[in-house]
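Only one structure is covered here, and it is reproduced in the block below.
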Amino acid sequence: QVQLVESGGGLVQPGGSLRLSCAASGSIGRFNSIAWYRQAPGKQREWVATLTTSGLTNYAGSVKGRFTISRDSAKATVYLQMNSLKPEDTAVYYCSAWPAASNPYWGQGTQVTVSS
């Protein structure tokens, strides 16, 4: 059973930064990719960023240039560094792990609130 635990969320002022962590139970190398998603109140969950096993990254247009996804394989942890945060970044952030031939695994989410 795969477990993903997100942490690092909180309240931050506009223009501030946060780093989210997603700690996996076991090696993250067994997944094709790890991704971050977010869901704001009253909205559908949306994709934010992806990091593949080979190290390729991809970002949603709304966060490109501000967010960075990275990993520490030794710690089985994926990070989302979020800079220049905006109120519209307020959401619950989820990490997901995508195996080659089965459904993805999801964490429980961590709340990010950007407000003055």
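Chain lettering (A, B, ...) mirrors the order of the structure tokens, residue numbering begins at 1 for each chain separately, and ligand numbering begins at 1 in order of display.
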- request: If you run DSSP over the backbone, which residues in segment 34-101 of chain A end up strand (DSSP E)? Put them as a VMD selection string.
  value: chain A and resid 34 to 39 46 to 52 57 to 59 67 to 72 77 to 82 91 to 98
- request: Using DSSP on the backbone, list every residue of segment 59-115 of chain A that comes out as helix (DSSP H, G or I), and give them as an MDAnalysis selection string.
  value: chainID A and resid 73:75 87:89
Shell of 6 Å around segment 59-69 of chain A, only C-alpha atoms, local chain residues under 4 positions omitted, as a ChimeraX atom specification: /A:48-49,79-83
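Among the candidates A:Gly109, A:Gly15, A:Pro99, A:Gly29, the residue lying nearest to Leu85 of chain A is A:Gly15 (atoms considered: only C-alpha atoms).
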query: So, counting only C-alpha atoms, which residue among A:Gly55, A:Val78, A:Lys86, A:Arg71 is closest to Ser21 of chain A?
result: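 Closest to Ser21 of chain A, using only C-alpha atoms: A:Val78.
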query: If you count only C-alpha atoms, which residues fall within 8 Å of Trp106 of chain A, apart from same-chain ones fewer than 4 positions away, as a PyMOL selection string?
result: chain A and resi 3-4+94-97
Restricting the output to all heavy atoms, write the selected residues as an mmCIF file, in the first residue's frame.
```
data_model
loop_
_atom_site.group_PDB
_atom_site.id
_atom_site.type_symbol
_atom_site.label_atom_id
_atom_site.label_comp_id
_atom_site.auth_asym_id
_atom_site.auth_seq_id
_atom_site.Cartn_x
_atom_site.Cartn_y
_atom_site.Cartn_z
ATOM 1 N N GLN A 3 1.548 5.151 0.555
ATOM 2 C CA GLN A 3 1.050 6.305 1.298
ATOM 3 C C GLN A 3 1.820 7.541 0.889
ATOM 4 O O GLN A 3 3.058 7.507 0.762
ATOM 5 C CB GLN A 3 1.181 6.076 2.801
ATOM 6 C CG GLN A 3 0.203 5.050 3.354
ATOM 7 C CD GLN A 3 0.213 5.007 4.859
ATOM 8 O OE1 GLN A 3 1.245 5.176 5.498
ATOM 9 N NE2 GLN A 3 -0.951 4.771 5.464
ATOM 10 N N LEU A 4 1.086 8.618 0.667
ATOM 11 C CA LEU A 4 1.675 9.915 0.348
ATOM 12 C C LEU A 4 1.213 10.905 1.404
ATOM 13 O O LEU A 4 0.011 11.020 1.660
ATOM 14 C CB LEU A 4 1.228 10.389 -1.036
ATOM 15 C CG LEU A 4 1.545 9.481 -2.223
ATOM 16 C CD1 LEU A 4 0.878 10.005 -3.491
ATOM 17 C CD2 LEU A 4 3.042 9.357 -2.415
ATOM 18 N N TYR A 94 -2.557 18.756 -3.408
ATOM 19 C CA TYR A 94 -2.432 17.309 -3.301
ATOM 20 C C TYR A 94 -1.264 16.816 -4.154
ATOM 21 O O TYR A 94 -1.030 17.318 -5.258
ATOM 22 C CB TYR A 94 -3.689 16.619 -3.821
ATOM 23 C CG TYR A 94 -4.966 16.970 -3.125
ATOM 24 C CD1 TYR A 94 -5.738 18.051 -3.540
ATOM 25 C CD2 TYR A 94 -5.424 16.206 -2.055
ATOM 26 C CE1 TYR A 94 -6.929 18.377 -2.902
ATOM 27 C CE2 TYR A 94 -6.623 16.524 -1.410
ATOM 28 C CZ TYR A 94 -7.357 17.610 -1.844
ATOM 29 O OH TYR A 94 -8.534 17.908 -1.217
ATOM 30 N N CYS A 95 -0.552 15.831 -3.653
ATOM 31 C CA CYS A 95 0.412 15.170 -4.529
ATOM 32 C C CYS A 95 -0.165 13.825 -4.946
ATOM 33 O O CYS A 95 -1.004 13.240 -4.246
ATOM 34 C CB CYS A 95 1.771 14.998 -3.876
ATOM 35 S SG CYS A 95 1.875 13.789 -2.559
ATOM 36 N N SER A 96 0.255 13.377 -6.113
ATOM 37 C CA SER A 96 -0.210 12.107 -6.642
ATOM 38 C C SER A 96 0.957 11.372 -7.284
ATOM 39 O O SER A 96 1.837 11.989 -7.878
ATOM 40 C CB SER A 96 -1.327 12.323 -7.661
ATOM 41 O OG SER A 96 -0.872 13.082 -8.751
ATOM 42 N N ALA A 97 0.948 10.072 -7.149
ATOM 43 C CA ALA A 97 1.985 9.219 -7.717
ATOM 44 C C ALA A 97 1.364 8.325 -8.776
ATOM 45 O O ALA A 97 0.354 7.666 -8.509
ATOM 46 C CB ALA A 97 2.630 8.373 -6.627
#
```
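The residue that comes closest to Ser25 of chain A, out of A:Asn103, A:Ala76, A:Ser7, A:Thr110 and on the basis of only C-alpha atoms, is A:Ala76.
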Extract, using only C-alpha atoms, all DNA, RNA and protein residues at most 10 Å from Phe31 of chain A, discarding same-chain residues fewer than 5 positions from it, and format them as an mmCIF file with all heavy atoms, in the first residue's frame.
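What ended up in out15.cif:
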```cif
data_model
loop_
_atom_site.group_PDB
_atom_site.id
_atom_site.type_symbol
_atom_site.label_atom_id
_atom_site.label_comp_id
_atom_site.auth_asym_id
_atom_site.auth_seq_id
_atom_site.Cartn_x
_atom_site.Cartn_y
_atom_site.Cartn_z
ATOM 1 N N THR A 52 8.769 13.712 -13.897
ATOM 2 C CA THR A 52 8.843 12.317 -14.336
ATOM 3 C C THR A 52 10.052 11.625 -13.720
ATOM 4 O O THR A 52 10.963 12.271 -13.178
ATOM 5 C CB THR A 52 8.945 12.218 -15.860
ATOM 6 O OG1 THR A 52 10.239 12.703 -16.261
ATOM 7 C CG2 THR A 52 7.857 13.026 -16.544
ATOM 8 N N THR A 53 10.060 10.304 -13.843
ATOM 9 C CA THR A 53 11.176 9.516 -13.316
ATOM 10 C C THR A 53 12.492 9.940 -13.946
ATOM 11 O O THR A 53 13.537 9.950 -13.285
ATOM 12 C CB THR A 53 10.934 8.018 -13.582
ATOM 13 O OG1 THR A 53 9.715 7.630 -12.956
ATOM 14 C CG2 THR A 53 12.077 7.180 -13.026
ATOM 15 N N SER A 96 0.255 13.377 -6.113
ATOM 16 C CA SER A 96 -0.210 12.107 -6.642
ATOM 17 C C SER A 96 0.957 11.372 -7.284
ATOM 18 O O SER A 96 1.837 11.989 -7.878
ATOM 19 C CB SER A 96 -1.327 12.323 -7.661
ATOM 20 O OG SER A 96 -0.872 13.082 -8.751
ATOM 21 N N ALA A 97 0.948 10.072 -7.149
ATOM 22 C CA ALA A 97 1.985 9.219 -7.717
ATOM 23 C C ALA A 97 1.364 8.325 -8.776
ATOM 24 O O ALA A 97 0.354 7.666 -8.509
ATOM 25 C CB ALA A 97 2.630 8.373 -6.627
ATOM 26 N N TRP A 98 1.975 8.303 -9.950
ATOM 27 C CA TRP A 98 1.385 7.633 -11.100
ATOM 28 C C TRP A 98 2.218 6.409 -11.482
ATOM 29 O O TRP A 98 3.279 6.544 -12.088
ATOM 30 C CB TRP A 98 1.283 8.603 -12.274
ATOM 31 C CG TRP A 98 0.338 9.719 -11.972
ATOM 32 C CD1 TRP A 98 0.521 10.776 -11.126
ATOM 33 C CD2 TRP A 98 -0.981 9.866 -12.499
ATOM 34 N NE1 TRP A 98 -0.590 11.579 -11.087
ATOM 35 C CE2 TRP A 98 -1.530 11.044 -11.925
ATOM 36 C CE3 TRP A 98 -1.755 9.120 -13.394
ATOM 37 C CZ2 TRP A 98 -2.808 11.488 -12.234
ATOM 38 C CZ3 TRP A 98 -3.028 9.557 -13.708
ATOM 39 C CH2 TRP A 98 -3.539 10.728 -13.129
ATOM 40 N N PRO A 99 1.709 5.214 -11.164
ATOM 41 C CA PRO A 99 2.413 3.998 -11.586
ATOM 42 C C PRO A 99 2.248 3.782 -13.086
ATOM 43 O O PRO A 99 1.466 4.460 -13.736
ATOM 44 C CB PRO A 99 1.703 2.881 -10.799
ATOM 45 C CG PRO A 99 0.856 3.572 -9.796
ATOM 46 C CD PRO A 99 0.532 4.907 -10.357
ATOM 47 N N ALA A 100 2.979 2.805 -13.619
ATOM 48 C CA ALA A 100 2.934 2.551 -15.057
ATOM 49 C C ALA A 100 1.609 1.982 -15.513
ATOM 50 O O ALA A 100 1.112 2.319 -16.585
ATOM 51 C CB ALA A 100 4.073 1.617 -15.456
ATOM 52 N N ALA A 101 1.005 1.106 -14.722
ATOM 53 C CA ALA A 101 -0.165 0.387 -15.215
ATOM 54 C C ALA A 101 -1.265 0.235 -14.181
ATOM 55 O O ALA A 101 -1.954 -0.785 -14.154
ATOM 56 C CB ALA A 101 0.269 -0.982 -15.726
ATOM 57 N N PRO A 104 -3.590 6.105 -10.072
ATOM 58 C CA PRO A 104 -2.663 6.896 -9.244
ATOM 59 C C PRO A 104 -3.021 6.828 -7.772
ATOM 60 O O PRO A 104 -4.164 6.514 -7.404
ATOM 61 C CB PRO A 104 -2.844 8.316 -9.794
ATOM 62 C CG PRO A 104 -4.225 8.327 -10.350
ATOM 63 C CD PRO A 104 -4.446 6.962 -10.905
ATOM 64 N N TYR A 105 -2.020 7.133 -6.959
ATOM 65 C CA TYR A 105 -2.210 7.260 -5.523
ATOM 66 C C TYR A 105 -2.257 8.747 -5.169
ATOM 67 O O TYR A 105 -1.590 9.566 -5.815
ATOM 68 C CB TYR A 105 -1.060 6.582 -4.765
ATOM 69 C CG TYR A 105 -0.925 5.113 -5.053
ATOM 70 C CD1 TYR A 105 -0.056 4.649 -6.045
ATOM 71 C CD2 TYR A 105 -1.672 4.163 -4.346
ATOM 72 C CE1 TYR A 105 0.078 3.297 -6.314
ATOM 73 C CE2 TYR A 105 -1.544 2.813 -4.614
ATOM 74 C CZ TYR A 105 -0.678 2.384 -5.600
ATOM 75 O OH TYR A 105 -0.561 1.045 -5.867
#
```
- prompt: With only C-alpha atoms as the atoms that count, which of A:Leu18, A:Val92, A:Ala23, A:Val112 lies nearest to Arg45 of chain A?
  reply: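 Result for the nearest residue to Arg45 of chain A: A:Val92.
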